[in-house]
file protein-v3.pdb (PDB, C-alpha atoms and all ligand atoms)
MODEL        1
ATOM      1  CA  MET A   1      82.335  -9.314  63.658
ATOM      2  CA  SER A   2      83.946  -7.439  66.521
ATOM      3  CA  VAL A   3      82.350  -4.268  67.809
ATOM      4  CA  GLN A   4      85.237  -2.151  66.608
ATOM      5  CA  THR A   5      85.260  -3.501  63.060
ATOM      6  CA  ASP A   6      81.530  -2.894  62.691
ATOM      7  CA  THR A   7      82.048   0.596  61.331
ATOM      8  CA  SER A   8      78.456   0.862  60.085
ATOM      9  CA  SER A   9      76.622   1.215  63.375
ATOM     10  CA  LYS A  10      76.671   4.136  65.759
ATOM     11  CA  VAL A  11      78.819   3.792  68.855
ATOM     12  CA  THR A  12      76.760   4.022  72.033
ATOM     13  CA  ASN A  13      77.462   3.784  75.712
ATOM     14  CA  ALA A  14      76.502   0.086  75.435
ATOM     15  CA  THR A  15      78.980  -0.426  72.565
ATOM     16  CA  LEU A  16      81.841   0.876  74.718
ATOM     17  CA  LYS A  17      80.895  -1.556  77.499
ATOM     18  CA  LEU A  18      80.802  -4.447  74.998
ATOM     19  CA  MET A  19      84.256  -3.416  73.765
ATOM     20  CA  LYS A  20      85.637  -3.643  77.301
ATOM     21  CA  GLU A  21      84.025  -7.052  77.801
ATOM     22  CA  GLY A  22      85.423  -8.271  74.474
ATOM     23  CA  GLY A  23      88.907  -6.880  75.159
ATOM     24  CA  GLU A  24      88.723  -4.449  72.223
ATOM     25  CA  LYS A  25      90.639  -1.229  72.772
ATOM     26  CA  ILE A  26      88.668   2.023  72.549
ATOM     27  CA  ALA A  27      90.272   4.873  70.559
ATOM     28  CA  ALA A  28      89.152   8.419  71.370
ATOM     29  CA  MET A  29      90.270  11.956  70.577
ATOM     30  CA  THR A  30      89.162  15.499  71.227
ATOM     31  CA  ALA A  31      87.682  17.713  68.500
ATOM     32  CA  TYR A  32      86.175  21.178  68.484
ATOM     33  CA  ASP A  33      84.699  21.623  64.999
ATOM     34  CA  ALA A  34      82.825  19.773  62.247
ATOM     35  CA  ALA A  35      85.734  19.381  59.782
ATOM     36  CA  PHE A  36      88.079  17.655  62.223
ATOM     37  CA  ALA A  37      85.160  15.680  63.707
ATOM     38  CA  MET A  38      84.461  14.272  60.243
ATOM     39  CA  VAL A  39      88.116  13.270  59.766
ATOM     40  CA  LEU A  40      88.123  11.456  63.122
ATOM     41  CA  ASP A  41      84.765   9.798  62.482
ATOM     42  CA  GLN A  42      85.770   8.548  59.039
ATOM     43  CA  ALA A  43      89.069   7.228  60.424
ATOM     44  CA  GLY A  44      87.096   5.082  62.909
ATOM     45  CA  VAL A  45      87.530   6.845  66.255
ATOM     46  CA  ASP A  46      85.066   5.389  68.796
ATOM     47  CA  PHE A  47      84.235   8.547  70.704
ATOM     48  CA  VAL A  48      84.996  12.225  70.347
ATOM     49  CA  LEU A  49      85.332  14.532  73.335
ATOM     50  CA  VAL A  50      84.578  18.229  73.124
ATOM     51  CA  GLY A  51      87.082  18.884  75.882
ATOM     52  CA  ASP A  52      87.459  22.057  77.871
ATOM     53  CA  SER A  53      90.996  21.823  76.466
ATOM     54  CA  VAL A  54      89.320  24.009  73.798
ATOM     55  CA  GLY A  55      90.265  26.864  76.133
ATOM     56  CA  MET A  56      93.963  26.095  75.777
ATOM     57  CA  VAL A  57      94.395  24.722  72.260
ATOM     58  CA  VAL A  58      91.774  26.778  70.375
ATOM     59  CA  GLN A  59      91.362  29.907  72.492
ATOM     60  CA  GLY A  60      95.050  30.118  73.452
ATOM     61  CA  ARG A  61      94.383  30.452  77.178
ATOM     62  CA  GLU A  62      96.751  29.192  79.892
ATOM     63  CA  THR A  63      94.203  26.936  81.619
ATOM     64  CA  THR A  64      90.791  25.368  80.989
ATOM     65  CA  ILE A  65      89.177  27.403  83.765
ATOM     66  CA  PRO A  66      87.664  30.291  81.717
ATOM     67  CA  VAL A  67      85.728  27.951  79.381
ATOM     68  CA  THR A  68      81.955  28.487  79.637
ATOM     69  CA  VAL A  69      78.940  26.216  79.215
ATOM     70  CA  ASP A  70      77.840  28.284  76.191
ATOM     71  CA  GLU A  71      81.236  27.721  74.538
ATOM     72  CA  ILE A  72      81.041  23.967  75.164
ATOM     73  CA  ILE A  73      77.508  23.905  73.704
ATOM     74  CA  TYR A  74      78.668  25.838  70.625
ATOM     75  CA  HIS A  75      81.620  23.490  69.958
ATOM     76  CA  THR A  76      79.447  20.433  70.692
ATOM     77  CA  GLN A  77      76.990  21.597  68.021
ATOM     78  CA  LEU A  78      79.836  21.984  65.514
ATOM     79  CA  VAL A  79      81.320  18.570  66.288
ATOM     80  CA  SER A  80      77.935  16.823  66.208
ATOM     81  CA  ARG A  81      77.510  17.936  62.567
ATOM     82  CA  GLY A  82      80.715  16.109  61.614
ATOM     83  CA  LEU A  83      79.917  12.772  63.294
ATOM     84  CA  SER A  84      78.002   9.807  61.885
ATOM     85  CA  ARG A  85      79.370   6.897  63.912
ATOM     86  CA  ALA A  86      81.412   8.031  66.926
ATOM     87  CA  LEU A  87      79.808   8.764  70.294
ATOM     88  CA  LEU A  88      79.880  12.441  71.254
ATOM     89  CA  MET A  89      80.975  13.359  74.782
ATOM     90  CA  SER A  90      81.344  16.887  76.143
ATOM     91  CA  ASP A  91      83.092  18.329  79.154
ATOM     92  CA  MET A  92      81.223  20.164  81.864
ATOM     93  CA  PRO A  93      83.339  23.292  82.476
ATOM     94  CA  PHE A  94      84.820  24.449  85.773
ATOM     95  CA  MET A  95      82.119  25.267  88.389
ATOM     96  CA  SER A  96      79.270  24.290  86.060
ATOM     97  CA  TYR A  97      78.413  21.280  88.286
ATOM     98  CA  SER A  98      79.139  22.623  91.757
ATOM     99  CA  SER A  99      75.486  22.511  92.893
ATOM    100  CA  PRO A 100      72.866  19.892  92.007
ATOM    101  CA  HIS A 101      70.736  22.492  90.225
ATOM    102  CA  ASP A 102      73.610  23.821  88.086
ATOM    103  CA  CYS A 103      74.872  20.323  87.389
ATOM    104  CA  LEU A 104      71.535  19.008  86.131
ATOM    105  CA  SER A 105      70.534  22.104  84.184
ATOM    106  CA  ASN A 106      73.944  22.516  82.521
ATOM    107  CA  ALA A 107      74.124  18.796  81.621
ATOM    108  CA  ALA A 108      70.618  19.082  80.151
ATOM    109  CA  ARG A 109      71.666  22.083  78.031
ATOM    110  CA  ILE A 110      74.833  20.334  76.793
ATOM    111  CA  MET A 111      72.751  17.327  75.727
ATOM    112  CA  LYS A 112      69.629  19.114  74.420
ATOM    113  CA  GLU A 113      71.230  22.149  72.753
ATOM    114  CA  GLY A 114      74.633  20.666  71.953
ATOM    115  CA  GLY A 115      73.713  17.093  71.084
ATOM    116  CA  ALA A 116      76.160  15.305  73.424
ATOM    117  CA  ALA A 117      75.424  11.679  74.312
ATOM    118  CA  MET A 118      77.560  11.756  77.473
ATOM    119  CA  VAL A 119      79.000  14.436  79.759
ATOM    120  CA  LYS A 120      82.349  14.366  81.575
ATOM    121  CA  LEU A 121      82.997  15.722  85.073
ATOM    122  CA  GLU A 122      86.327  16.122  86.834
ATOM    123  CA  TRP A 123      86.990  14.599  90.218
ATOM    124  CA  GLY A 124      86.310  16.640  93.352
ATOM    125  CA  GLU A 125      84.655  15.855  96.659
ATOM    126  CA  LEU A 126      81.246  16.698  95.139
ATOM    127  CA  GLU A 127      81.627  14.512  92.072
ATOM    128  CA  ILE A 128      80.204  11.270  93.466
ATOM    129  CA  ASP A 129      76.966  12.974  94.449
ATOM    130  CA  MET A 130      76.723  14.730  91.071
ATOM    131  CA  VAL A 131      77.363  11.477  89.178
ATOM    132  CA  ARG A 132      74.570   9.847  91.208
ATOM    133  CA  ARG A 133      72.130  12.686  90.485
ATOM    134  CA  LEU A 134      72.934  12.713  86.759
ATOM    135  CA  THR A 135      72.550   8.928  86.618
ATOM    136  CA  GLU A 136      69.158   9.150  88.348
ATOM    137  CA  CYS A 137      68.103  11.541  85.562
ATOM    138  CA  GLY A 138      69.328   9.200  82.821
ATOM    139  CA  VAL A 139      72.405  11.246  81.856
ATOM    140  CA  PRO A 140      75.390   9.099  80.805
ATOM    141  CA  VAL A 141      78.506  10.254  82.673
ATOM    142  CA  CYS A 142      82.257   9.902  82.369
ATOM    143  CA  ALA A 143      84.196  10.588  85.585
ATOM    144  CA  HIS A 144      87.692  12.079  85.116
ATOM    145  CA  LEU A 145      90.213  11.164  87.839
ATOM    146  CA  GLY A 146      93.943  11.573  88.401
ATOM    147  CA  LEU A 147      95.189  14.918  87.114
ATOM    148  CA  THR A 148      92.070  17.048  86.766
ATOM    149  CA  PRO A 149      93.128  20.272  85.007
ATOM    150  CA  GLN A 150      90.209  22.296  86.419
ATOM    151  CA  ALA A 151      91.984  21.960  89.817
ATOM    152  CA  ILE A 152      95.303  23.260  88.442
ATOM    153  CA  HIS A 153      95.501  26.080  90.970
ATOM    154  CA  LYS A 154      95.002  23.563  93.811
ATOM    155  CA  TYR A 155      97.784  21.287  92.504
ATOM    156  CA  GLY A 156     100.071  24.192  91.602
ATOM    157  CA  GLY A 157     101.112  22.477  88.349
ATOM    158  CA  TYR A 158     100.398  19.592  85.989
ATOM    159  CA  LYS A 159     101.741  16.626  88.020
ATOM    160  CA  VAL A 160     101.336  12.844  87.966
ATOM    161  CA  GLN A 161      98.714  11.812  90.554
ATOM    162  CA  GLY A 162      98.535   8.694  92.751
ATOM    163  CA  ARG A 163     102.252   7.987  93.187
ATOM    164  CA  GLU A 164     102.144   7.846  96.993
ATOM    165  CA  ALA A 165     100.420   4.827  98.599
ATOM    166  CA  ALA A 166      97.730   6.901 100.355
ATOM    167  CA  ALA A 167      96.873   8.800  97.169
ATOM    168  CA  ALA A 168      96.766   5.548  95.175
ATOM    169  CA  ASP A 169      94.406   3.950  97.736
ATOM    170  CA  LYS A 170      92.167   7.027  97.642
ATOM    171  CA  MET A 171      92.006   6.918  93.825
ATOM    172  CA  LEU A 172      91.081   3.211  93.910
ATOM    173  CA  GLU A 173      88.311   3.975  96.429
ATOM    174  CA  ASP A 174      87.066   6.979  94.435
ATOM    175  CA  ALA A 175      86.975   5.007  91.184
ATOM    176  CA  ALA A 176      84.910   2.265  92.832
ATOM    177  CA  ALA A 177      82.554   4.808  94.445
ATOM    178  CA  LEU A 178      82.053   6.632  91.125
ATOM    179  CA  GLU A 179      81.149   3.358  89.451
ATOM    180  CA  VAL A 180      78.642   2.543  92.213
ATOM    181  CA  ALA A 181      77.200   6.063  91.805
ATOM    182  CA  GLY A 182      76.548   5.238  88.146
ATOM    183  CA  ALA A 183      79.558   6.445  86.128
ATOM    184  CA  ASP A 184      79.459   4.850  82.681
ATOM    185  CA  LEU A 185      83.117   5.506  81.926
ATOM    186  CA  LEU A 186      86.189   6.422  83.972
ATOM    187  CA  LEU A 187      88.965   8.565  82.515
ATOM    188  CA  LEU A 188      92.406   8.565  84.132
ATOM    189  CA  GLU A 189      94.861  11.368  83.378
ATOM    190  CA  CYS A 190      98.545  11.222  84.383
ATOM    191  CA  VAL A 191      98.314   8.156  86.595
ATOM    192  CA  PRO A 192     101.106   5.587  87.099
ATOM    193  CA  THR A 193     100.700   2.509  84.864
ATOM    194  CA  ALA A 194     100.358   0.013  87.748
ATOM    195  CA  LEU A 195      97.627   2.013  89.485
ATOM    196  CA  ALA A 196      95.715   2.510  86.210
ATOM    197  CA  ARG A 197      95.963  -1.252  85.586
ATOM    198  CA  GLN A 198      94.505  -1.992  89.036
ATOM    199  CA  ILE A 199      91.627   0.475  88.574
ATOM    200  CA  THR A 200      90.894  -1.072  85.156
ATOM    201  CA  GLU A 201      90.905  -4.620  86.535
ATOM    202  CA  ASN A 202      88.495  -3.633  89.321
ATOM    203  CA  ALA A 203      86.121  -1.663  87.088
ATOM    204  CA  LYS A 204      83.206  -3.154  85.185
ATOM    205  CA  VAL A 205      82.889   0.052  83.129
ATOM    206  CA  PRO A 206      85.491   1.031  80.501
ATOM    207  CA  VAL A 207      88.543   2.934  81.752
ATOM    208  CA  ILE A 208      90.119   5.378  79.281
ATOM    209  CA  GLY A 209      93.650   6.650  79.825
ATOM    210  CA  ILE A 210      95.661   9.713  78.897
ATOM    211  CA  GLY A 211      99.132   9.339  80.333
ATOM    212  CA  ALA A 212      97.893   6.263  82.242
ATOM    213  CA  GLY A 213      99.873   3.537  80.479
ATOM    214  CA  PRO A 214      98.814   0.743  78.134
ATOM    215  CA  ASP A 215      96.772  -1.470  80.494
ATOM    216  CA  VAL A 216      93.508   0.479  80.377
ATOM    217  CA  ASP A 217      90.532  -0.188  78.095
ATOM    218  CA  GLY A 218      91.212   2.671  75.714
ATOM    219  CA  GLN A 219      93.166   5.849  75.049
ATOM    220  CA  ILE A 220      92.344   9.465  74.411
ATOM    221  CA  LEU A 221      94.608  12.254  73.176
ATOM    222  CA  VAL A 222      94.068  15.914  72.430
ATOM    223  CA  LEU A 223      93.786  16.234  68.623
ATOM    224  CA  TYR A 224      96.118  19.236  68.433
ATOM    225  CA  ASP A 225      98.825  17.276  70.316
ATOM    226  CA  VAL A 226      98.483  14.405  67.827
ATOM    227  CA  LEU A 227      98.888  16.930  65.001
ATOM    228  CA  ASP A 228     101.672  18.741  66.886
ATOM    229  CA  ILE A 229      99.967  22.122  66.594
ATOM    230  CA  ALA A 230      99.047  22.731  70.250
ATOM    231  CA  PRO A 231     100.447  25.982  71.629
ATOM    232  CA  GLY A 232     103.086  25.613  74.347
ATOM    233  CA  LYS A 233     105.192  22.660  75.443
ATOM    234  CA  ARG A 234     104.073  19.173  74.380
ATOM    235  CA  THR A 235     103.023  16.902  77.262
ATOM    236  CA  ARG A 236     105.214  13.847  77.797
ATOM    237  CA  PHE A 237     102.278  11.421  77.295
ATOM    238  CA  SER A 238     101.142  12.757  73.912
ATOM    239  CA  LYS A 239     102.615  11.581  70.642
ATOM    240  CA  ASN A 240     103.132  13.588  67.474
ATOM    241  CA  TYR A 241     101.542  11.410  64.783
ATOM    242  CA  MET A 242     102.271  13.927  62.011
ATOM    243  CA  GLU A 243     105.876  12.740  62.139
ATOM    244  CA  GLY A 244     106.151  10.258  59.273
ATOM    245  CA  SER A 245     102.571  10.924  58.058
ATOM    246  CA  ASN A 246     101.813  12.779  54.846
ATOM    247  CA  SER A 247      98.312  13.906  55.815
ATOM    248  CA  ILE A 248      96.119  14.586  58.824
ATOM    249  CA  GLN A 249      93.975  11.587  57.823
ATOM    250  CA  ASN A 250      97.051   9.316  57.911
ATOM    251  CA  ALA A 251      98.184  10.676  61.270
ATOM    252  CA  VAL A 252      94.749  10.093  62.826
ATOM    253  CA  GLY A 253      94.513   6.630  61.236
ATOM    254  CA  LYS A 254      97.937   5.705  62.614
ATOM    255  CA  TYR A 255      96.951   6.813  66.127
ATOM    256  CA  ILE A 256      93.763   4.733  65.977
ATOM    257  CA  SER A 257      95.522   1.603  64.722
ATOM    258  CA  GLU A 258      98.308   1.931  67.338
ATOM    259  CA  VAL A 259      95.669   2.213  70.097
ATOM    260  CA  LYS A 260      93.688  -0.720  68.702
ATOM    261  CA  ASP A 261      96.680  -3.049  68.465
ATOM    262  CA  GLY A 262      98.205  -1.893  71.769
ATOM    263  CA  ALA A 263     101.310  -0.288  70.234
ATOM    264  CA  PHE A 264     100.440   3.057  71.890
ATOM    265  CA  PRO A 265     101.302   4.035  74.549
ATOM    266  CA  THR A 266     104.757   2.615  75.127
ATOM    267  CA  GLU A 267     106.705   3.279  78.337
ATOM    268  CA  ALA A 268     108.071   6.499  76.854
ATOM    269  CA  TYR A 269     104.516   7.934  76.960
ATOM    270  CA  SER A 270     103.615   6.492  80.388
ATOM    271  CA  PHE A 271     104.528   7.077  84.043
ATOM    272  CA  ASN A 272     105.768   4.836  86.874
TER     273      ASN A 272
HETATM  274  O1  LIG B 301      89.610  18.622  77.969
HETATM  275  C1  LIG B 301      90.195  17.635  77.509
HETATM  276  O2  LIG B 301      90.696  17.629  76.389
HETATM  277  C2  LIG B 301      90.302  16.445  78.345
HETATM  278  C3  LIG B 301      91.272  15.402  77.914
HETATM  279  C4  LIG B 301      92.609  15.727  78.459
HETATM  280  C5  LIG B 301      90.850  14.048  78.272
HETATM  281  O3  LIG B 301      89.673  16.359  79.368
ENDMDL
END

call {"tool": "encode", "arguments": {"input": "protein-v3.pdb", "output": "structure tokens"}}
result
Amino acid sequence: MSVQTDTSSKVTNATLKLMKEGGEKIAAMTAYDAAFAMVLDQAGVDFVLVGDSVGMVVQGRETTIPVTVDEIIYHTQLVSRGLSRALLMSDMPFMSYSSPHDCLSNAARIMKEGGAAMVKLEWGELEIDMVRRLTECGVPVCAHLGLTPQAIHKYGGYKVQGREAAAADKMLEDAAALEVAGADLLLLECVPTALARQITENAKVPVIGIGAGPDVDGQILVLYDVLDIAPGKRTRFSKNYMEGSNSIQNAVGKYISEVKDGAFPTEAYSFN
């Protein structure tokens, strides 16, 4: 039985690594409450992210920056009540990991009070050190590279990252350094397909993409984009699975099966 078809046992960090080794695609989505978490879990999603995208799609804000640790803990608690099988990952919000003390104490709160099994940090010059410190304390970590929305005011817009040779080389180096520091998962957002493929081939840990093409170990999308109910303009890399589906359950199921059999993402949802 493949790891992915064993729907009875809980997905762990080790399961995701086995899926990469076995060439099984990992299907992930965001959720922010128990009802949607249950729908995703029953449909067979492998991990659920309580993303700081909550700030944009639930709170109606323009960026993820105002989201607080307390809000992430609250939504993590809600989501954890809806999950039986999927692994639960939560974002560390903007500036909640900018010193070793804050990083460790906020990660501890998200795990102890929220119930997360893994935390996600966005790339910055401090991230490698923070990943190392979290790893030393036994905290499973996902490192988010490419377009990191918490740095939106630095970028001046949501743009594809790693197109120029120097930026691509830097991302390859950073991905390798994050893995050495102990990252359990890498997440690439808005990265050209060829660069994402190279990072995935080099990495021993699973690489999850969002707008990073088909040649990564798994995909994640924001639930409200999949359901086409996110406020504002839809991102080019997200697909509306409500089109042609007669229920939310069908839409989620279709997303998962397209990720598992490699039908999503096509070139239309990827970048060169
Ligand atoms: O916050 C979020 O939803 C995310 C995804 C874009 C991966 O980080």

call {"tool": "residues_around", "arguments": {"input": "protein-v3.pdb", "residues": "Pro231 in chain A", "least_positions_apart": "4", "cutoff": "8 Å", "atoms": "all atoms listed in the file", "output": "PyMOL selection string"}}
result
chain A and resi 56-57+60

call {"tool": "closest_residue", "arguments": {"input": "protein-v3.pdb", "among": "A:Ala151, A:Val252, A:Leu121, A:Cys142", "to": "Asn106 in chain A", "atoms": "all atoms listed in the file"}}
result
A:Leu121

call {"tool": "residues_around", "arguments": {"input": "protein-v3.pdb", "residues": "Gly262 in chain A", "least_positions_apart": "2", "cutoff": "10 Å", "atoms": "all atoms listed in the file", "output": "MDAnalysis selection string"}}
result
chainID A and resid 24:25 214:215 218:219 256:260 264:266

call {"tool": "write_last_selection", "arguments": {"input": "protein-v3.pdb", "atoms": "C-alpha atoms", "output": "compact mmCIF listing (two decimals), in the frame of the given file"}}
result
# COMPACT_ATOMS: atom_id res chain seq x y z
CA GLU A 24 88.72 -4.45 72.22
CA LYS A 25 90.64 -1.23 72.77
CA PRO A 214 98.81 0.74 78.13
CA ASP A 215 96.77 -1.47 80.49
CA GLY A 218 91.21 2.67 75.71
CA GLN A 219 93.17 5.85 75.05
CA ILE A 256 93.76 4.73 65.98
CA SER A 257 95.52 1.60 64.72
CA GLU A 258 98.31 1.93 67.34
CA VAL A 259 95.67 2.21 70.10
CA LYS A 260 93.69 -0.72 68.70
CA PHE A 264 100.44 3.06 71.89
CA PRO A 265 101.30 4.04 74.55
CA THR A 266 104.76 2.62 75.13

call {"tool": "residues_around", "arguments": {"input": "protein-v3.pdb", "residues": "Gly114 in chain A", "least_positions_apart": "2", "cutoff": "12 Å", "atoms": "only C-alpha atoms", "output": "PyMOL selection string"}}
result
chain A and resi 50+69-81+88-92+106-112+116-119

call {"tool": "residues_near_ligand", "arguments": {"input": "protein-v3.pdb", "ligand": "ligand LIG 301 (chain B)", "cutoff": "7 Å", "atoms": "only C-alpha atoms and all ligand atoms", "output": "list in words"}}
result
Thr30, Leu49, Val50, Gly51, Asp52, Ser53, Val54, Asp91, Glu189, Ile210, Ile220, Leu221 and Val222 of chain A

call {"tool": "resolve_selection", "arguments": {"input": "protein-v3.pdb", "expression": "the PyMOL selection byres (((chain A and resi 41) around 7) and not hetatm)", "output": "PDB file with C-alpha atoms, in the coordinates of the input"}}
result
ATOM      1  CA  ALA A  37      85.160  15.680  63.707  1.00  0.00           C
ATOM      2  CA  MET A  38      84.461  14.272  60.243  1.00  0.00           C
ATOM      3  CA  VAL A  39      88.116  13.270  59.766  1.00  0.00           C
ATOM      4  CA  LEU A  40      88.123  11.456  63.122  1.00  0.00           C
ATOM      5  CA  GLN A  42      85.770   8.548  59.039  1.00  0.00           C
ATOM      6  CA  ALA A  43      89.069   7.228  60.424  1.00  0.00           C
ATOM      7  CA  GLY A  44      87.096   5.082  62.909  1.00  0.00           C
ATOM      8  CA  VAL A  45      87.530   6.845  66.255  1.00  0.00           C
ATOM      9  CA  LEU A  83      79.917  12.772  63.294  1.00  0.00           C
ATOM     10  CA  SER A  84      78.002   9.807  61.885  1.00  0.00           C
ATOM     11  CA  ARG A  85      79.370   6.897  63.912  1.00  0.00           C
ATOM     12  CA  ALA A  86      81.412   8.031  66.926  1.00  0.00           C
TER      13      ALA A  86
END

call {"tool": "closest_residue", "arguments": {"input": "protein-v3.pdb", "among": "A:Ala31, A:Leu87, A:Leu126, A:Ala183", "to": "Lys10 in chain A", "atoms": "all atoms listed in the file"}}
result
A:Leu87

call {"tool": "atom_distance", "arguments": {"input": "protein-v3.pdb", "atom1": "CA of Ala196 in chain A", "atom2": "CA of Ala212 in chain A"}}
result
5.9 Å

call {"tool": "axis_aligned_box", "arguments": {"input": "protein-v3.pdb", "around": "range 209-218 of chain A", "padding_each_side": "8 Å", "output": "lines of an AutoDock Vina configuration file"}}
result
center_x = 95.2
center_y = 4.1
center_z = 79.0
size_x = 25.3
size_y = 27.2
size_z = 22.5

call {"tool": "closest_residue", "arguments": {"input": "protein-v3.pdb", "among": "A:Val191, A:Ala176, A:Ala167, A:Val131", "to": "Thr148 in chain A", "atoms": "only C-alpha atoms"}}
result
A:Val191

call {"tool": "decode", "arguments": {"input": "protein-v3.pdb", "residues": "range 83-95 of chain A", "atoms": "N, CA and C atoms", "output": "PDB file, in the first residue's frame"}}
result
ATOM      1  N   LEU A  83      -9.359  17.977  12.173  1.00  0.00           N
ATOM      2  CA  LEU A  83      -8.437  17.037  11.504  1.00  0.00           C
ATOM      3  C   LEU A  83      -8.322  15.716  12.249  1.00  0.00           C
ATOM      4  N   SER A  84      -8.339  14.609  11.489  1.00  0.00           N
ATOM      5  CA  SER A  84      -8.032  13.303  12.085  1.00  0.00           C
ATOM      6  C   SER A  84      -6.755  12.749  11.486  1.00  0.00           C
ATOM      7  N   ARG A  85      -6.553  12.985  10.177  1.00  0.00           N
ATOM      8  CA  ARG A  85      -5.434  12.336   9.485  1.00  0.00           C
ATOM      9  C   ARG A  85      -4.342  13.307   9.069  1.00  0.00           C
ATOM     10  N   ALA A  86      -4.726  14.454   8.510  1.00  0.00           N
ATOM     11  CA  ALA A  86      -3.728  15.360   7.910  1.00  0.00           C
ATOM     12  C   ALA A  86      -2.818  15.979   8.965  1.00  0.00           C
ATOM     13  N   LEU A  87      -1.578  16.242   8.560  1.00  0.00           N
ATOM     14  CA  LEU A  87      -0.639  16.963   9.440  1.00  0.00           C
ATOM     15  C   LEU A  87      -1.056  18.431   9.494  1.00  0.00           C
ATOM     16  N   LEU A  88      -0.875  19.025  10.662  1.00  0.00           N
ATOM     17  CA  LEU A  88      -1.260  20.435  10.856  1.00  0.00           C
ATOM     18  C   LEU A  88      -0.010  21.318  10.967  1.00  0.00           C
ATOM     19  N   MET A  89       0.095  22.254  10.034  1.00  0.00           N
ATOM     20  CA  MET A  89       1.223  23.194  10.012  1.00  0.00           C
ATOM     21  C   MET A  89       0.666  24.608  10.181  1.00  0.00           C
ATOM     22  N   SER A  90       1.406  25.446  10.904  1.00  0.00           N
ATOM     23  CA  SER A  90       0.941  26.832  11.069  1.00  0.00           C
ATOM     24  C   SER A  90       2.049  27.808  10.748  1.00  0.00           C
ATOM     25  N   ASP A  91       1.644  28.942  10.196  1.00  0.00           N
ATOM     26  CA  ASP A  91       2.596  30.006   9.889  1.00  0.00           C
ATOM     27  C   ASP A  91       3.031  30.733  11.143  1.00  0.00           C
ATOM     28  N   MET A  92       4.290  31.147  11.165  1.00  0.00           N
ATOM     29  CA  MET A  92       4.735  32.113  12.168  1.00  0.00           C
ATOM     30  C   MET A  92       4.573  33.484  11.523  1.00  0.00           C
ATOM     31  N   PRO A  93       3.792  34.381  12.165  1.00  0.00           N
ATOM     32  CA  PRO A  93       3.511  35.680  11.527  1.00  0.00           C
ATOM     33  C   PRO A  93       4.732  36.593  11.446  1.00  0.00           C
ATOM     34  N   PHE A  94       4.576  37.625  10.654  1.00  0.00           N
ATOM     35  CA  PHE A  94       5.598  38.661  10.450  1.00  0.00           C
ATOM     36  C   PHE A  94       6.176  39.120  11.798  1.00  0.00           C
ATOM     37  N   MET A  95       7.507  39.120  11.887  1.00  0.00           N
ATOM     38  CA  MET A  95       8.264  39.607  13.060  1.00  0.00           C
ATOM     39  C   MET A  95       8.061  38.771  14.322  1.00  0.00           C
TER      40      MET A  95
END
